[in-house]
>>> print(open('target-v5.txt').read())   # compact mmCIF, C-alpha atoms
# COMPACT_ATOMS: atom_id res chain seq x y z
CA MET A 1 0.00 0.00 0.00
CA ASN A 2 1.54 3.34 -1.08
CA GLN A 3 1.27 6.61 0.83
CA LYS A 4 -1.64 7.91 -1.25
CA GLU A 5 -3.66 4.73 -0.69
CA LYS A 6 -2.95 4.83 3.05
CA ILE A 7 -4.21 8.42 3.25
CA ALA A 8 -7.34 7.53 1.27
CA MET A 9 -8.13 4.58 3.57
CA PHE A 10 -7.48 6.71 6.64
CA LYS A 11 -9.96 9.32 5.37
CA LYS A 12 -12.58 6.63 4.83
CA VAL A 13 -12.13 5.34 8.38
CA ILE A 14 -12.45 8.86 9.81
CA LEU A 15 -15.63 9.49 7.81
CA LEU A 16 -17.12 6.19 8.94
CA PHE A 17 -16.20 7.00 12.55
CA LEU A 18 -17.97 10.35 12.34
CA PHE A 19 -20.97 8.65 10.76
CA ALA A 20 -21.07 6.05 13.54
CA PHE A 21 -20.79 8.78 16.17
CA ALA A 22 -23.75 10.66 14.64
CA VAL A 23 -25.84 7.47 14.34
CA SER A 24 -25.30 6.63 18.01
CA PHE A 25 -27.05 9.88 18.99
CA ILE A 26 -29.61 10.14 16.20
CA CYS A 27 -30.65 6.48 16.40
CA PRO A 28 -29.96 5.30 19.96
CA GLY A 29 -30.17 1.61 20.72
CA GLN A 30 -33.50 0.21 21.79
CA SER A 31 -34.05 -0.76 25.42
CA TYR A 32 -33.20 -4.25 26.46
CA ALA A 33 -35.92 -6.49 27.83
CA VAL A 34 -37.28 -5.34 31.17
CA VAL A 35 -35.58 -6.82 34.23
CA THR A 36 -38.01 -7.63 37.04
CA LEU A 37 -36.71 -7.55 40.62
CA GLU A 38 -38.49 -8.67 43.78
CA PRO A 39 -37.66 -6.95 47.08
CA THR A 40 -35.12 -8.49 49.40
CA ASP A 41 -36.94 -6.85 52.34
CA ASP A 42 -40.31 -5.18 52.80
CA ALA A 43 -42.19 -4.08 55.91
CA PRO A 44 -44.78 -1.57 57.14
CA THR A 45 -44.42 0.75 60.14
CA TYR A 46 -47.30 1.89 62.35
CA SER A 47 -47.35 4.94 64.64
CA ALA A 48 -49.93 3.34 66.98
CA TYR A 49 -47.24 0.89 68.09
CA PRO A 50 -44.07 2.93 67.53
CA ASN A 51 -41.64 0.39 68.98
CA THR A 52 -43.22 -2.75 67.53
CA ASN A 53 -41.97 -4.41 64.38
CA GLN A 54 -45.02 -5.03 62.23
CA ASP A 55 -43.40 -7.56 59.90
CA THR A 56 -42.78 -10.22 62.53
CA GLY A 57 -46.20 -9.80 64.11
CA TYR A 58 -49.60 -10.32 62.52
CA PRO A 59 -50.03 -9.69 59.67
CA ASN A 60 -46.57 -10.11 58.21
CA ASP A 61 -47.53 -10.24 54.55
CA SER A 62 -48.91 -6.73 53.92
CA LEU A 63 -47.68 -3.20 53.28
CA TRP A 64 -49.58 -0.09 54.37
CA THR A 65 -49.76 3.60 53.51
CA GLY A 66 -51.92 6.42 54.88
CA LYS A 67 -53.89 6.73 58.10
CA PHE A 68 -55.62 4.01 60.10
CA TYR A 69 -58.42 4.98 62.48
CA SER A 70 -58.00 8.47 60.95
CA ILE A 71 -55.21 9.31 63.41
CA TYR A 72 -52.43 6.72 63.16
CA ASP A 73 -49.88 7.00 60.38
CA THR A 74 -48.32 4.17 58.42
CA ARG A 75 -45.40 3.88 56.03
CA SER A 76 -43.98 1.04 53.99
CA TYR A 77 -40.37 0.29 53.15
CA LEU A 78 -38.99 -1.83 50.30
CA LYS A 79 -35.39 -2.78 49.53
CA PHE A 80 -34.09 -4.03 46.18
CA ASP A 81 -30.71 -5.36 45.09
CA LEU A 82 -29.45 -3.41 42.05
CA SER A 83 -25.91 -4.80 42.18
CA ALA A 84 -26.40 -6.64 38.88
CA ILE A 85 -27.76 -3.56 37.06
CA PRO A 86 -25.12 -1.77 34.92
CA VAL A 87 -24.64 1.98 34.84
CA ASN A 88 -27.01 2.49 31.89
CA LEU A 89 -30.27 2.11 33.84
CA GLU A 90 -32.95 4.06 31.99
CA THR A 91 -36.22 3.60 33.90
CA ALA A 92 -37.41 1.97 37.12
CA THR A 93 -41.08 1.42 37.96
CA LEU A 94 -42.38 0.16 41.30
CA TRP A 95 -45.54 -1.98 41.22
CA LEU A 96 -47.82 -2.91 44.15
CA TYR A 97 -51.18 -4.63 44.26
CA ASN A 98 -53.82 -2.66 46.20
CA SER A 99 -55.84 -5.05 48.38
CA ARG A 100 -59.35 -4.19 49.59
CA SER A 101 -59.10 -6.27 52.74
CA SER A 102 -60.66 -5.39 56.06
CA TRP A 103 -59.61 -6.37 59.55
CA PRO A 104 -57.52 -8.32 60.49
CA GLU A 105 -55.31 -7.58 57.47
CA ALA A 106 -55.96 -3.85 57.62
CA PRO A 107 -56.55 -2.73 61.21
CA GLY A 108 -58.85 0.27 61.45
CA LEU A 109 -59.29 0.53 57.70
CA SER A 110 -63.02 0.93 57.13
CA THR A 111 -62.91 3.08 53.97
CA PHE A 112 -60.73 3.06 50.89
CA ALA A 113 -60.97 6.67 49.77
CA PRO A 114 -58.56 7.80 47.03
CA ALA A 115 -55.20 8.88 48.42
CA VAL A 116 -52.00 10.26 46.91
CA VAL A 117 -49.14 7.91 47.76
CA ASN A 118 -45.59 9.26 47.51
CA THR A 119 -42.26 7.49 47.14
CA TYR A 120 -38.87 8.56 48.51
CA LEU A 121 -35.29 7.36 48.46
CA THR A 122 -34.22 6.25 51.90
CA SER A 123 -31.31 4.64 53.73
CA ASN A 124 -30.55 0.92 53.43
CA ALA A 125 -29.86 0.75 57.18
CA TRP A 126 -32.95 -1.30 58.06
CA THR A 127 -34.25 -4.86 57.91
CA GLU A 128 -37.80 -6.12 57.67
CA SER A 129 -37.48 -7.99 60.96
CA ALA A 130 -36.26 -4.99 62.99
CA ILE A 131 -37.75 -1.80 61.52
CA THR A 132 -40.29 0.09 63.66
CA TRP A 133 -41.98 3.48 63.49
CA ASN A 134 -39.42 4.95 65.89
CA ASN A 135 -36.30 3.61 64.14
CA GLN A 136 -37.42 3.85 60.53
CA PRO A 137 -35.01 5.67 58.17
CA ALA A 138 -35.69 9.31 57.32
CA LEU A 139 -37.16 10.28 53.97
CA GLY A 140 -34.70 11.36 51.30
CA THR A 141 -35.15 12.50 47.70
CA ALA A 142 -38.75 12.50 46.51
CA SER A 143 -39.75 10.45 43.50
CA GLY A 144 -43.02 9.44 41.80
CA SER A 145 -46.53 9.91 43.23
CA THR A 146 -49.66 7.96 42.35
CA THR A 147 -53.29 8.27 43.42
CA VAL A 148 -54.48 4.93 44.78
CA ASN A 149 -58.24 4.52 44.37
CA ASN A 150 -60.89 2.14 45.64
CA PRO A 151 -60.56 -0.58 42.98
CA VAL A 152 -58.28 -3.47 43.75
CA GLY A 153 -55.47 -3.97 41.30
CA TRP A 154 -51.98 -2.93 40.32
CA TYR A 155 -50.64 0.59 40.85
CA SER A 156 -47.27 1.90 39.73
CA TRP A 157 -44.77 4.59 40.74
CA ASP A 158 -41.99 6.00 38.57
CA VAL A 159 -38.87 5.82 40.73
CA SER A 160 -36.31 6.22 37.92
CA ASN A 161 -34.67 9.33 39.35
CA ILE A 162 -33.80 7.72 42.68
CA ALA A 163 -32.98 4.28 41.26
CA LYS A 164 -30.30 5.83 39.05
CA THR A 165 -28.48 7.07 42.14
CA ALA A 166 -28.40 3.56 43.63
CA GLN A 167 -27.07 1.53 40.68
CA GLY A 168 -24.61 -1.14 41.65
CA GLY A 169 -25.89 -1.56 45.20
CA PHE A 170 -28.98 -1.87 47.36
CA PHE A 171 -31.88 0.52 46.84
CA SER A 172 -34.52 1.38 49.45
CA ILE A 173 -37.87 3.06 48.85
CA ALA A 174 -40.17 4.59 51.47
CA MET A 175 -43.88 4.94 50.67
CA THR A 176 -46.01 7.52 52.50
CA SER A 177 -49.41 9.17 52.31
CA ASP A 178 -51.32 11.81 54.27
CA GLY A 179 -54.60 10.41 52.97
CA ALA A 180 -56.77 7.40 53.65
CA GLY A 181 -55.15 4.10 54.49
CA HIS A 182 -54.47 1.49 51.84
CA VAL A 183 -53.13 -2.03 52.07
CA TYR A 184 -50.97 -3.84 49.51
CA TYR A 185 -49.77 -7.41 49.20
CA GLY A 186 -46.24 -7.87 50.56
CA LYS A 187 -43.55 -10.18 49.21
CA ASP A 188 -44.49 -12.97 51.65
CA ASN A 189 -48.16 -12.99 50.65
CA ILE A 190 -49.50 -15.90 48.60
CA CYS A 191 -50.99 -13.25 46.29
CA PRO A 192 -48.89 -11.18 43.85
CA GLY A 193 -46.31 -9.15 45.75
CA PRO A 194 -44.40 -5.95 44.93
CA TYR A 195 -41.75 -5.79 42.24
CA LEU A 196 -39.51 -3.35 40.39
CA ASP A 197 -39.35 -3.16 36.58
CA VAL A 198 -36.00 -1.88 35.29
CA THR A 199 -35.08 -1.10 31.68
CA MET A 200 -31.62 -0.41 30.29
CA THR A 201 -30.16 0.92 27.03
CA PRO A 202 -26.77 0.25 25.43
CA GLU A 203 -24.10 2.83 26.15
CA PRO A 204 -23.36 5.18 23.19
CA VAL A 205 -19.61 4.59 23.51
CA SER A 206 -20.10 0.85 23.11
CA SER A 207 -22.20 1.43 20.00
CA ILE A 208 -19.57 3.75 18.52
CA LEU A 209 -16.73 1.30 19.13
CA PHE A 210 -18.75 -1.57 17.68
CA ILE A 211 -19.75 0.30 14.53
CA THR A 212 -16.31 1.87 14.05
CA GLY A 213 -14.56 -1.47 14.46
CA GLY A 214 -16.85 -3.02 11.87
CA ALA A 215 -16.31 -0.09 9.51
CA THR A 216 -12.52 -0.34 9.81
CA LEU A 217 -12.61 -4.05 9.01
CA ALA A 218 -14.86 -3.37 6.03
CA VAL A 219 -12.42 -0.80 4.61
CA ARG A 220 -9.48 -3.14 5.06
CA ARG A 221 -11.34 -5.99 3.40
CA CYS A 222 -12.27 -3.75 0.45
CA TRP A 223 -8.62 -2.76 0.03
CA LYS A 224 -7.44 -6.38 0.17
CA ARG A 225 -10.08 -7.50 -2.33
CA LYS A 226 -9.08 -4.67 -4.67
CA HIS A 227 -5.38 -5.46 -4.55
CA SER A 228 -5.80 -9.23 -4.66
CA GLY A 229 -7.74 -9.08 -7.92
CA ILE A 230 -11.04 -10.24 -6.33
CA VAL A 231 -14.04 -8.31 -7.62
>>> encode(input="target-v5.txt", output="structure tokens")
Amino acid sequence: MNQKEKIAMFKKVILLFLFAFAVSFICPGQSYAVVTLEPTDDAPTYSAYPNTNQDTGYPNDSLWTGKFYSIYDTRSYLKFDLSAIPVNLETATLWLYNSRSSWPEAPGLSTFAPAVVNTYLTSNAWTESAITWNNQPALGTASGSTTVNNPVGWYSWDVSNIAKTAQGGFFSIAMTSDGAGHVYYGKDNICPGPYLDVTMTPEPVSSILFITGGATLAVRRCWKRKHSGIV
């Protein structure tokens, strides 16, 4: 290969690199299949019994938000393991099944009025067998809110903004409401429990390197075919 041919091939590689770079931003890769994660821990807390762990008592298969007996507050905590999720997490959606149960599963819950339920990032320094109202972690960064209504069924919360800060480790969510009490199936219930849907997208740099590498090989093959007499 003479100097002129080397320069020509080099120009082609540079042009293909620039094209690949532009394509990676104009046509980003599609999301991978959704990864579904179940919580490693989940538990409610109850201000009526501030020093009692509600997960080890009865019931131990439900999560609560809002007020019971119109005066006692509840919260629910969920912990997920994101250690297997790479840095390119795109979205994270929390799903819980709203259960229209009455006592004993939902103490003091006589009505299921609509209530706005909020989610927050919180500390991982808790376990489902030890958390109480008095030792529960403080609320951190706010995330998605959803109005939970009377009908039973699935409800979702967009927690992407706080999940992105917890990639590569454990991730805890606190659920609160100032409205009417609602009860959800927990992970230990025989009915469908909570889960987190996570989607990811390929990193642009990986796409660029992949396309550029392929383009470079294509140019080299074209040059070899040309100079070997293969058409």
>>> residues_around(input="target-v5.txt", residues="segment 128-134 of chain A", least_positions_apart="4", cutoff="6 Å", atoms="all atoms listed in the file", output="PyMOL selection string")
chain A and resi 41-43+45-47+50-53+56
>>> residues_around(input="target-v5.txt", residues="Ala166 of chain A", least_positions_apart="4", cutoff="12 Å", atoms="only C-alpha atoms", output="list in words")
Lys79, Phe80, Asp81, Leu82, Ser83, Ala84, Ile85, Pro86, Val87, Asn88, Leu89, Ala92, Leu121, Thr122, Ser123, Asn124, Thr141, Val159, Ser160, Asn161, Ile162, Phe170, Phe171, Ser172 and Ile173 of chain A
>>> axis_aligned_box(input="target-v5.txt", around="segment 43-55 of chain A", padding_each_side="3 Å", output="lines of an AutoDock Vina configuration file")
center_x = -45.8
center_y = -1.3
center_z = 62.4
size_x = 14.3
size_y = 18.5
size_z = 19.1
>>> closest_residue(input="target-v5.txt", among="A:Ala142, A:Val152, A:Leu63, A:Met200", to="Thr91 of chain A", atoms="all atoms listed in the file")
A:Met200
>>> residues_near_point(input="target-v5.txt", point="(-48.2, -2.5, 48.2)", cutoff="9 Å", atoms="all atoms listed in the file", output="list of chain:residue names")
A:Ser62, A:Leu63, A:Trp64, A:Thr65, A:Ser76, A:Trp95, A:Leu96, A:Tyr97, A:Asn98, A:Ser99, A:Trp154, A:Tyr155, A:Met175, A:His182, A:Val183, A:Tyr184, A:Tyr185, A:Gly186, A:Gly193, A:Pro194
>>> atom_distance(input="target-v5.txt", atom1="atom CA of Thr146 of chain A", atom2="atom CA of Val198 of chain A")
18.3 Å
>>> atom_distance(input="target-v5.txt", atom1="atom CA of Cys191 of chain A", atom2="atom CA of Gln54 of chain A")
18.9 Å
>>> atom_distance(input="target-v5.txt", atom1="atom CA of Ala113 of chain A", atom2="atom CA of Tyr77 of chain A")
21.8 Å
>>> residues_around(input="target-v5.txt", residues="Asp178 of chain A", least_positions_apart="5", cutoff="12 Å", atoms="all atoms listed in the file", output="ChimeraX atom specification")
/A:65-68,70-75,113-118,147
>>> closest_residue(input="target-v5.txt", among="A:Asp188, A:Glu38, A:Asp61, A:Asp158", to="Leu78 of chain A", atoms="all atoms listed in the file")
A:Glu38
>>> closest_residue(input="target-v5.txt", among="A:Trp126, A:Ser143, A:Gln136, A:Tyr69", to="Gly181 of chain A", atoms="only C-alpha atoms")
A:Tyr69
